[in-house]
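Below is the file target.txt, which contains compact mmCIF, C-alpha atoms (C1' of nucleotides) and all ligand atoms.
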```txt
# COMPACT_ATOMS: atom_id res chain seq x y z
CA MET A 1 -7.94 9.19 -25.68
CA SER A 2 -6.00 6.79 -27.85
CA VAL A 3 -2.62 5.13 -27.94
CA SER A 4 -1.34 7.69 -30.44
CA ALA A 5 -2.61 10.56 -28.28
CA TRP A 6 -0.71 9.16 -25.29
CA LEU A 7 2.45 8.76 -27.35
CA GLU A 8 2.01 12.31 -28.60
CA GLN A 9 1.71 13.55 -25.02
CA LEU A 10 4.91 11.77 -24.09
CA HIS A 11 6.66 13.19 -27.15
CA ASP A 12 5.38 16.69 -26.49
CA HIS A 13 6.89 16.56 -23.03
CA GLY A 14 10.30 15.72 -24.38
CA TYR A 15 10.17 11.97 -23.83
CA ARG A 16 11.50 9.69 -26.53
CA LEU A 17 9.24 7.13 -28.14
CA THR A 18 10.66 3.67 -27.61
CA GLY A 19 9.48 0.14 -28.14
CA ALA A 20 9.22 -0.44 -24.43
CA ARG A 21 7.08 2.64 -23.91
CA ARG A 22 4.82 1.80 -26.82
CA ALA A 23 4.23 -1.63 -25.32
CA VAL A 24 3.32 -0.22 -21.91
CA VAL A 25 1.09 2.47 -23.40
CA GLU A 26 -0.74 0.01 -25.62
CA THR A 27 -1.26 -2.34 -22.70
CA VAL A 28 -2.58 0.19 -20.22
CA GLU A 29 -4.55 2.37 -22.61
CA LYS A 30 -6.50 -0.58 -23.94
CA SER A 31 -7.23 -2.21 -20.59
CA THR A 32 -10.72 -1.97 -19.15
CA ARG A 33 -9.49 -2.94 -15.72
CA ALA A 34 -6.79 -1.66 -13.40
CA LEU A 35 -3.42 -3.35 -13.84
CA THR A 36 -0.54 -3.77 -11.41
CA PRO A 37 3.06 -3.19 -12.54
CA ILE A 38 3.64 -6.93 -12.84
CA GLU A 39 0.46 -7.42 -14.82
CA VAL A 40 1.51 -4.64 -17.17
CA TYR A 41 4.93 -6.26 -17.40
CA ASP A 42 3.52 -9.66 -18.31
CA MET A 43 1.18 -8.20 -20.91
CA ALA A 44 3.65 -5.73 -22.39
CA ARG A 45 6.24 -8.45 -22.71
CA LYS A 46 4.08 -10.10 -25.34
CA LYS A 47 4.38 -7.00 -27.47
CA TYR A 48 8.01 -6.22 -26.70
CA ARG A 49 9.97 -9.24 -25.49
CA ALA A 50 13.04 -7.47 -24.11
CA ILE A 51 11.17 -5.08 -21.83
CA GLY A 52 12.29 -4.96 -18.21
CA LEU A 53 10.05 -4.59 -15.18
CA VAL A 54 12.05 -1.51 -14.24
CA THR A 55 11.00 0.21 -17.43
CA VAL A 56 7.38 -0.58 -16.70
CA TYR A 57 7.68 1.18 -13.35
CA ARG A 58 9.41 4.15 -14.94
CA THR A 59 6.86 4.45 -17.72
CA LEU A 60 3.89 4.20 -15.34
CA GLU A 61 5.50 6.96 -13.31
CA LYS A 62 5.63 9.23 -16.35
CA LEU A 63 2.11 8.40 -17.46
CA GLU A 64 0.87 9.29 -14.00
CA GLU A 65 2.78 12.59 -14.07
CA LEU A 66 1.04 13.41 -17.35
CA HIS A 67 -2.30 12.45 -15.79
CA LEU A 68 -2.86 9.83 -18.47
CA ILE A 69 -3.29 7.12 -15.83
CA GLN A 70 -4.43 7.15 -12.24
CA ARG A 71 -3.86 4.88 -9.27
CA VAL A 72 -6.77 2.67 -8.27
CA HIS A 73 -7.35 1.90 -4.60
CA GLN A 74 -8.98 -1.43 -3.84
CA PRO A 75 -9.46 -3.66 -0.77
CA MET A 76 -6.87 -6.07 -2.11
CA GLY A 77 -4.26 -3.41 -2.87
CA CYS A 78 -3.56 0.08 -4.08
CA GLN A 79 -0.81 -0.51 -6.64
CA ALA A 80 -2.94 -0.75 -9.75
CA PHE A 81 -3.33 1.79 -12.55
CA ILE A 82 -5.94 2.53 -15.14
CA ALA A 83 -6.41 5.05 -17.95
CA ALA A 84 -7.49 8.28 -16.25
CA GLY A 85 -11.07 9.51 -16.40
CA VAL A 86 -11.84 12.84 -17.99
CA GLY A 87 -13.13 15.74 -15.93
CA HIS A 88 -14.96 14.98 -12.71
CA GLN A 89 -15.52 11.24 -12.78
CA HIS A 90 -15.38 8.36 -10.33
CA LEU A 91 -14.77 4.65 -10.69
CA LEU A 92 -17.16 1.75 -10.54
CA LEU A 93 -15.37 -1.57 -10.16
CA CYS A 94 -16.53 -5.15 -10.64
CA GLN A 95 -15.67 -7.16 -7.52
CA ASN A 96 -15.47 -10.32 -9.60
CA CYS A 97 -13.52 -9.51 -12.76
CA GLY A 98 -12.19 -6.03 -12.07
CA GLN A 99 -13.96 -4.47 -15.07
CA ALA A 100 -13.89 -0.71 -14.50
CA ALA A 101 -16.35 1.98 -15.59
CA PHE A 102 -16.28 5.69 -14.96
CA PHE A 103 -19.38 7.60 -13.99
CA ASP A 104 -20.20 11.20 -13.23
CA GLY A 105 -23.20 13.10 -12.00
CA ASP A 106 -22.57 12.66 -8.31
CA ASP A 107 -23.69 15.70 -6.37
CA LEU A 108 -22.26 15.95 -2.90
CA ASP A 109 -22.74 19.69 -2.45
CA ALA A 110 -25.57 19.44 0.05
CA LEU A 111 -23.77 16.77 2.06
CA THR A 112 -20.53 18.71 1.94
CA LYS A 113 -22.17 21.91 3.14
CA ALA A 114 -23.91 20.12 5.99
CA ILE A 115 -20.70 18.45 7.13
CA GLU A 116 -18.73 21.68 6.92
CA LYS A 117 -21.29 23.28 9.19
CA LYS A 118 -21.35 20.40 11.63
CA THR A 119 -17.62 19.75 11.82
CA GLY A 120 -16.01 23.11 11.13
CA TYR A 121 -13.87 21.54 8.42
CA GLN A 122 -13.40 23.24 5.06
CA ILE A 123 -13.94 20.46 2.53
CA ASN A 124 -11.75 20.58 -0.57
CA GLU A 125 -12.11 17.25 -2.30
CA HIS A 126 -13.69 13.84 -2.14
CA TRP A 127 -12.97 10.30 -3.11
CA LEU A 128 -15.91 8.20 -4.21
CA GLN A 129 -15.77 4.70 -5.57
CA LEU A 130 -18.47 2.15 -6.21
CA PHE A 131 -18.11 -1.62 -6.08
CA GLY A 132 -20.40 -4.27 -7.48
CA LEU A 133 -20.81 -6.78 -10.27
CA CYS A 134 -20.59 -5.89 -13.92
CA ALA A 135 -23.33 -6.94 -16.33
CA ASP A 136 -21.39 -10.04 -17.39
CA CYS A 137 -20.54 -11.19 -13.87
CA ARG A 138 -24.02 -10.73 -12.41
CA ALA A 139 -25.53 -12.96 -15.07
CA MET B 140 -15.47 2.49 22.49
CA SER B 141 -12.74 2.67 25.08
CA VAL B 142 -9.37 1.13 25.80
CA SER B 143 -10.91 -1.32 28.26
CA ALA B 144 -13.59 -2.31 25.76
CA TRP B 145 -10.90 -3.11 23.20
CA LEU B 146 -8.93 -5.13 25.72
CA GLU B 147 -12.10 -6.96 26.64
CA GLN B 148 -12.73 -7.77 22.99
CA LEU B 149 -9.22 -9.17 22.66
CA HIS B 150 -9.68 -11.21 25.83
CA ASP B 151 -13.09 -12.49 24.75
CA HIS B 152 -11.54 -13.82 21.59
CA GLY B 153 -8.97 -15.79 23.49
CA TYR B 154 -6.07 -13.38 23.17
CA ARG B 155 -3.88 -12.72 26.19
CA LEU B 156 -3.56 -9.25 27.60
CA THR B 157 0.07 -8.20 27.54
CA GLY B 158 1.96 -4.99 28.14
CA ALA B 159 2.78 -4.70 24.46
CA ARG B 160 -0.85 -5.07 23.43
CA ARG B 161 -2.02 -2.58 26.01
CA ALA B 162 0.47 -0.04 24.69
CA VAL B 163 -0.69 -0.48 21.09
CA VAL B 164 -4.36 -0.38 22.04
CA GLU B 165 -3.93 2.76 24.13
CA THR B 166 -2.02 4.44 21.33
CA VAL B 167 -4.42 3.67 18.53
CA GLU B 168 -7.68 3.98 20.45
CA LYS B 169 -6.80 7.46 21.68
CA SER B 170 -5.50 8.81 18.38
CA THR B 171 -7.63 11.26 16.41
CA ARG B 172 -5.61 10.68 13.29
CA ALA B 173 -4.60 7.62 11.30
CA LEU B 174 -1.28 6.11 12.34
CA THR B 175 1.19 3.98 10.40
CA PRO B 176 2.79 0.91 12.02
CA ILE B 177 6.01 2.86 12.65
CA GLU B 178 4.13 5.77 14.17
CA VAL B 179 2.29 3.37 16.46
CA TYR B 180 5.62 1.76 17.32
CA ASP B 181 7.24 5.09 18.26
CA MET B 182 4.27 6.14 20.35
CA ALA B 183 3.68 2.78 22.00
CA ARG B 184 7.34 2.53 22.90
CA LYS B 185 6.90 5.44 25.29
CA LYS B 186 4.37 3.38 27.24
CA TYR B 187 6.14 0.05 26.94
CA ARG B 188 9.86 0.37 26.24
CA ALA B 189 10.61 -3.19 25.20
CA ILE B 190 7.94 -3.45 22.51
CA GLY B 191 9.07 -4.67 19.10
CA LEU B 192 7.85 -3.39 15.76
CA VAL B 193 6.84 -6.94 14.90
CA THR B 194 4.41 -7.01 17.78
CA VAL B 195 2.88 -3.75 16.57
CA TYR B 196 2.20 -5.36 13.19
CA ARG B 197 0.76 -8.45 14.82
CA THR B 198 -1.47 -6.47 17.15
CA LEU B 199 -2.77 -4.21 14.41
CA GLU B 200 -3.60 -7.33 12.44
CA LYS B 201 -5.72 -8.66 15.31
CA LEU B 202 -7.43 -5.34 15.94
CA GLU B 203 -8.37 -5.19 12.27
CA GLU B 204 -9.74 -8.74 12.40
CA LEU B 205 -11.93 -7.71 15.32
CA HIS B 206 -13.02 -4.64 13.36
CA LEU B 207 -11.76 -2.35 16.08
CA ILE B 208 -9.56 -0.49 13.62
CA GLN B 209 -9.77 0.13 9.90
CA ARG B 210 -7.22 0.93 7.21
CA VAL B 211 -7.18 4.51 5.95
CA HIS B 212 -6.40 5.19 2.29
CA GLN B 213 -4.72 8.51 1.53
CA PRO B 214 -2.86 10.05 -1.41
CA MET B 215 0.43 9.66 0.45
CA GLY B 216 -0.13 6.03 1.36
CA CYS B 217 -2.59 3.37 2.46
CA GLN B 218 -0.79 1.80 5.41
CA ALA B 219 -2.39 3.82 8.21
CA PHE B 220 -4.99 2.69 10.72
CA ILE B 221 -7.56 4.42 12.86
CA ALA B 222 -10.21 3.38 15.38
CA ALA B 223 -13.10 2.05 13.32
CA GLY B 224 -16.27 4.05 12.83
CA VAL B 225 -19.56 2.66 14.06
CA GLY B 226 -22.31 1.69 11.63
CA HIS B 227 -22.38 3.36 8.24
CA GLN B 228 -19.86 6.17 8.48
CA HIS B 229 -17.18 7.70 6.30
CA LEU B 230 -14.00 9.60 7.01
CA LEU B 231 -13.22 13.28 6.70
CA LEU B 232 -9.49 13.96 6.83
CA CYS B 233 -7.52 17.14 7.38
CA GLN B 234 -4.98 17.54 4.58
CA ASN B 235 -2.71 19.52 6.89
CA CYS B 236 -2.59 17.71 10.23
CA GLY B 237 -4.37 14.46 9.50
CA GLN B 238 -7.10 15.03 12.07
CA ALA B 239 -9.87 12.58 11.26
CA ALA B 240 -13.62 12.84 11.79
CA PHE B 241 -16.36 10.40 10.92
CA PHE B 242 -19.59 11.51 9.38
CA ASP B 243 -22.77 9.84 8.26
CA GLY B 244 -25.93 10.86 6.48
CA ASP B 245 -24.66 10.40 2.93
CA ASP B 246 -27.42 9.22 0.66
CA LEU B 247 -26.24 7.71 -2.57
CA ASP B 248 -29.33 5.67 -3.35
CA ALA B 249 -30.54 7.85 -6.22
CA LEU B 250 -27.07 8.00 -7.74
CA THR B 251 -26.59 4.28 -7.29
CA LYS B 252 -29.87 3.46 -8.93
CA ALA B 253 -29.15 5.73 -11.87
CA ILE B 254 -25.73 4.22 -12.42
CA GLU B 255 -27.04 0.69 -12.14
CA LYS B 256 -29.52 1.48 -14.88
CA LYS B 257 -26.97 3.19 -17.08
CA THR B 258 -24.13 0.70 -16.69
CA GLY B 259 -25.83 -2.61 -16.01
CA TYR B 260 -23.71 -3.10 -12.90
CA GLN B 261 -25.22 -4.28 -9.64
CA ILE B 262 -23.76 -1.95 -7.03
CA ASN B 263 -22.97 -3.50 -3.66
CA GLU B 264 -20.86 -0.99 -1.77
CA HIS B 265 -19.20 2.36 -1.91
CA TRP B 266 -16.15 4.13 -0.60
CA LEU B 267 -16.51 7.80 0.20
CA GLN B 268 -13.91 9.99 1.81
CA LEU B 269 -13.71 13.74 2.22
CA PHE B 270 -10.56 15.82 2.40
CA GLY B 271 -10.12 19.35 3.62
CA LEU B 272 -8.86 21.45 6.50
CA CYS B 273 -9.93 20.98 10.08
CA ALA B 274 -11.17 23.92 12.13
CA ASP B 275 -7.72 24.46 13.67
CA CYS B 276 -5.80 24.28 10.41
CA ARG B 277 -8.09 26.58 8.43
CA ALA B 278 -7.68 29.34 11.01
C1' DT C 279 26.07 10.22 -40.81
C1' DT C 280 27.68 11.65 -36.62
C1' DA C 281 27.10 13.37 -32.07
C1' DT C 282 24.48 13.88 -28.02
C1' DT C 283 22.24 12.07 -24.30
C1' DA C 284 17.79 10.00 -22.80
C1' DT C 285 16.59 5.37 -22.17
C1' DT C 286 17.31 0.70 -21.28
C1' DG C 287 17.77 -3.86 -18.69
C1' DA C 288 20.57 -6.38 -15.30
C1' DA C 289 22.15 -6.41 -10.94
C1' DA C 290 22.43 -4.48 -6.52
C1' DA C 291 20.37 -1.85 -2.97
C1' DC C 292 16.51 -0.59 -0.31
C1' DC C 293 12.91 -0.98 2.91
C1' DA C 294 8.46 -2.23 4.69
C1' DT C 295 6.50 -6.40 6.05
C1' DT C 296 6.58 -11.33 7.23
C1' DT C 297 8.56 -15.52 8.97
C1' DT C 298 11.44 -18.17 12.04
C1' DC C 299 12.75 -19.47 16.53
C1' DA C 300 14.15 -19.87 21.20
C1' DA C 301 13.06 -17.35 25.46
C1' DT C 302 9.45 -15.46 28.16
C1' DA C 303 5.33 -14.67 30.62
C1' DA C 304 -0.09 -14.87 30.69
C1' DG C 305 -3.59 -17.75 32.01
C1' DT C 306 -4.92 -22.12 34.13
C1' DA C 307 -4.72 -26.06 37.00
C1' DT C 308 -2.86 -27.82 41.07
C1' DA D 309 1.34 -19.71 46.04
C1' DT D 310 3.45 -23.04 42.57
C1' DA D 311 3.86 -25.55 38.65
C1' DC D 312 2.37 -26.17 33.99
C1' DT D 313 0.92 -25.25 29.35
C1' DT D 314 1.42 -22.71 25.46
C1' DA D 315 0.36 -18.05 23.43
C1' DT D 316 3.25 -14.23 22.92
C1' DT D 317 7.40 -11.89 22.47
C1' DG D 318 11.56 -9.51 20.27
C1' DA D 319 15.75 -10.35 17.57
C1' DA D 320 17.34 -11.86 13.49
C1' DA D 321 16.69 -13.60 8.99
C1' DA D 322 13.92 -13.93 4.98
C1' DT D 323 10.81 -12.06 1.65
C1' DG D 324 9.13 -9.39 -2.06
C1' DG D 325 7.89 -5.22 -4.24
C1' DT D 326 10.10 -1.01 -5.62
C1' DT D 327 14.09 2.00 -6.43
C1' DT D 328 18.86 3.01 -7.55
C1' DT D 329 23.14 2.29 -9.97
C1' DC D 330 25.61 1.81 -14.11
C1' DA D 331 27.47 0.72 -18.49
C1' DA D 332 25.48 -0.32 -23.03
C1' DT D 333 22.13 1.06 -26.37
C1' DA D 334 19.22 3.55 -29.36
C1' DA D 335 16.17 7.84 -30.23
C1' DT D 336 16.66 12.35 -31.77
C1' DA D 337 19.00 16.48 -33.39
C1' DA D 338 22.77 18.46 -35.92
MN MN A 401 -17.52 13.57 -7.23
MN MN A 402 -22.07 5.87 2.59
ZN ZN A 403 -17.20 -8.41 -13.78
ZN ZN A 404 -5.78 19.92 10.53
```

Since I need it in another form, could you write the structure as structure tokens?
Amino acid sequence: MSVSAWLEQLHDHGYRLTGARRAVVETVEKSTRALTPIEVYDMARKKYRAIGLVTVYRTLEKLEELHLIQRVHQPMGCQAFIAAGVGHQHLLLCQNCGQAAFFDGDDLDALTKAIEKKTGYQINEHWLQLFGLCADCRA
Amino acid sequence: MSVSAWLEQLHDHGYRLTGARRAVVETVEKSTRALTPIEVYDMARKKYRAIGLVTVYRTLEKLEELHLIQRVHQPMGCQAFIAAGVGHQHLLLCQNCGQAAFFDGDDLDALTKAIEKKTGYQINEHWLQLFGLCADCRA
DNA sequence: TTATTATTGAAAACCATTTTCAATAAGTAT
DNA sequence: ATACTTATTGAAAATGGTTTTCAATAATAA
């Protein structure tokens, strides 16, 4: 995805393209780590001075509705957002700098089946997230 | 674990045993689903009328410090707590009634290794959580 | 250009959580 | 038992992140 693709998505869903929205989109789409509303606000403000924190919240809300961003749960808080992964992917987060990477290829079918049998639950989805140190931070 | 074991833990760490704390401990230890502070408050109040919501927050804080309870992250919110699992376990949650079950036996070593190689990250921990319908709710 | 109305930012409201504080009661020493 | 020390308590106030309100503005269509 790209900034222009995000703006196109917004436009295609009847949302107007404004300076404030462009600033938020550019900030979040380019970030390699999850950002909180305030962080987005501080960064977007450098691109569009007059932006209000309220507009950041409202724009994040719309981007989440369009599945362009997703909420990131972390030990320190669950209010951060990052550009959404494509297809079936999970997040790998650096515990030092927050650098995020998506990965796929997890196969939980066997585990899921075994647990369904043992517990009687019908399993519909799973959350998986890895934590560690990115290449830069482990050096 | 049991209610008395929790109370003993509190006592062993120098905390006094009070009616309010007993009510919170009994509520949370016996629950098979994650409870929010307000839910704990409403339930504990039936055992100890005079309890204040503030004391619920303070007691949950201590129980978490002692690793007797753990925070549960869910799509609807991340403010709920449940009796902590023992050893390496993960949660399986019913999307309908909230019924929680712990499971173990997940083996992510191969996946972890592969991702470390591919991404350059050093992976230290993982979060895994399953969602579905419990035996009662799927019927 | 003009008209329509979605969008905006400031201010106020909201609400979950935390802090303050004087009264109370658990644990200890007498 | 009784007195003493001080951790604990609940009420009230404060806090801080998020949401709502509202009149002004600006994006889009006519
Ligand atoms: Mn998966
Ligand atoms: Mn595991
Ligand atoms: Zn890093
Ligand atoms: Zn259920």

- Message: For ligand MN 401 (chain A), return the neighbouring residues as a PyMOL selection string (distance at most 9 Å; all atoms listed in the file).
- Response: chain A and resi 88-90+104-108+125-128

- Within-6 Å residues of ligand ZN 403 (chain A), basis all atoms listed in the file, as a list of chain:residue names: A:Cys94, A:Asn96, A:Cys97, A:Gly98, A:Gln99, A:Leu133, A:Cys134, A:Asp136, A:Cys137

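Across the structure, atom CA of B:Phe220 and atom CA of B:Val179 are spaced 9.3 Å apart.
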
Closest-contact table, chain D side, partner chain A, 12 Å, counting all atoms listed in the file, as a tab-separated table:
```
residue	atom	partner	partner_atom	distance
D:DG325	C1'	A:Ile38	CA	9.7
D:DT326	C1'	A:Tyr57	CA	8.4
D:DT327	C1'	A:Val54	CA	8.8
D:DT328	C1'	A:Val54	CA	10.6
D:DT333	C1'	A:Thr18	CA	11.8
D:DA334	C1'	A:Thr18	CA	8.7
D:DA335	C1'	A:Arg16	CA	6.2
D:DT336	C1'	A:Arg16	CA	7.8
```

- Message: I want to know what sits within 12 Å of D:DA319, based on only C-alpha atoms (C1' of nucleotides), with residues of the same chain fewer than 4 positions away left out; could you give that as a PyMOL selection string?
- Response: (chain B and resi 189-194) or (chain C and resi 298-301)

- Task: Pick out the chain C residues within 10 Å of chain A. Count only C-alpha atoms (C1' of nucleotides). Give them as a PyMOL selection string.
- Result: chain C and resi 284-288

- Query: Hey, can you check how far atom CA of A:Ala23 sits from atom CA of A:His67?
  - Reply: 18.2 Å

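Counting from atom CA of B:Ile254, the distance to atom CA of A:Arg33 is 18.1 Å.
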
- Message: Give me the residues near C:DT306 as a ChimeraX atom specification, where near means some atom within 12 Å (using all atoms listed in the file) and where sequence neighbours in that chain fewer than 3 positions away do not count.
- Response: /D:310-314

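With only C-alpha atoms as the atoms that count, the minimum distance from chain A to the choices B:Lys169, B:Arg210, B:Arg160, B:Lys186 is reached by B:Arg210.
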
- May I have the protein, DNA and RNA residues with an atom at most 12 Å from (24.7, 9.5, -38.8), counting all atoms listed in the file in the file's coordinates, returned as number ranges by chain? C: 279-282; D: 336-338

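You can rank B:Gly271, B:Pro214, B:Gly259, B:Gly226 by their closest distance to ligand MN 402 (chain A) using all atoms listed in the file, and at the top of that list sits B:Gly226.
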
- Item | Best match for closeness to chain B among A:Glu65, A:Asp42, A:Asp109, A:Asp12, counting all atoms listed in the file | A:Asp109
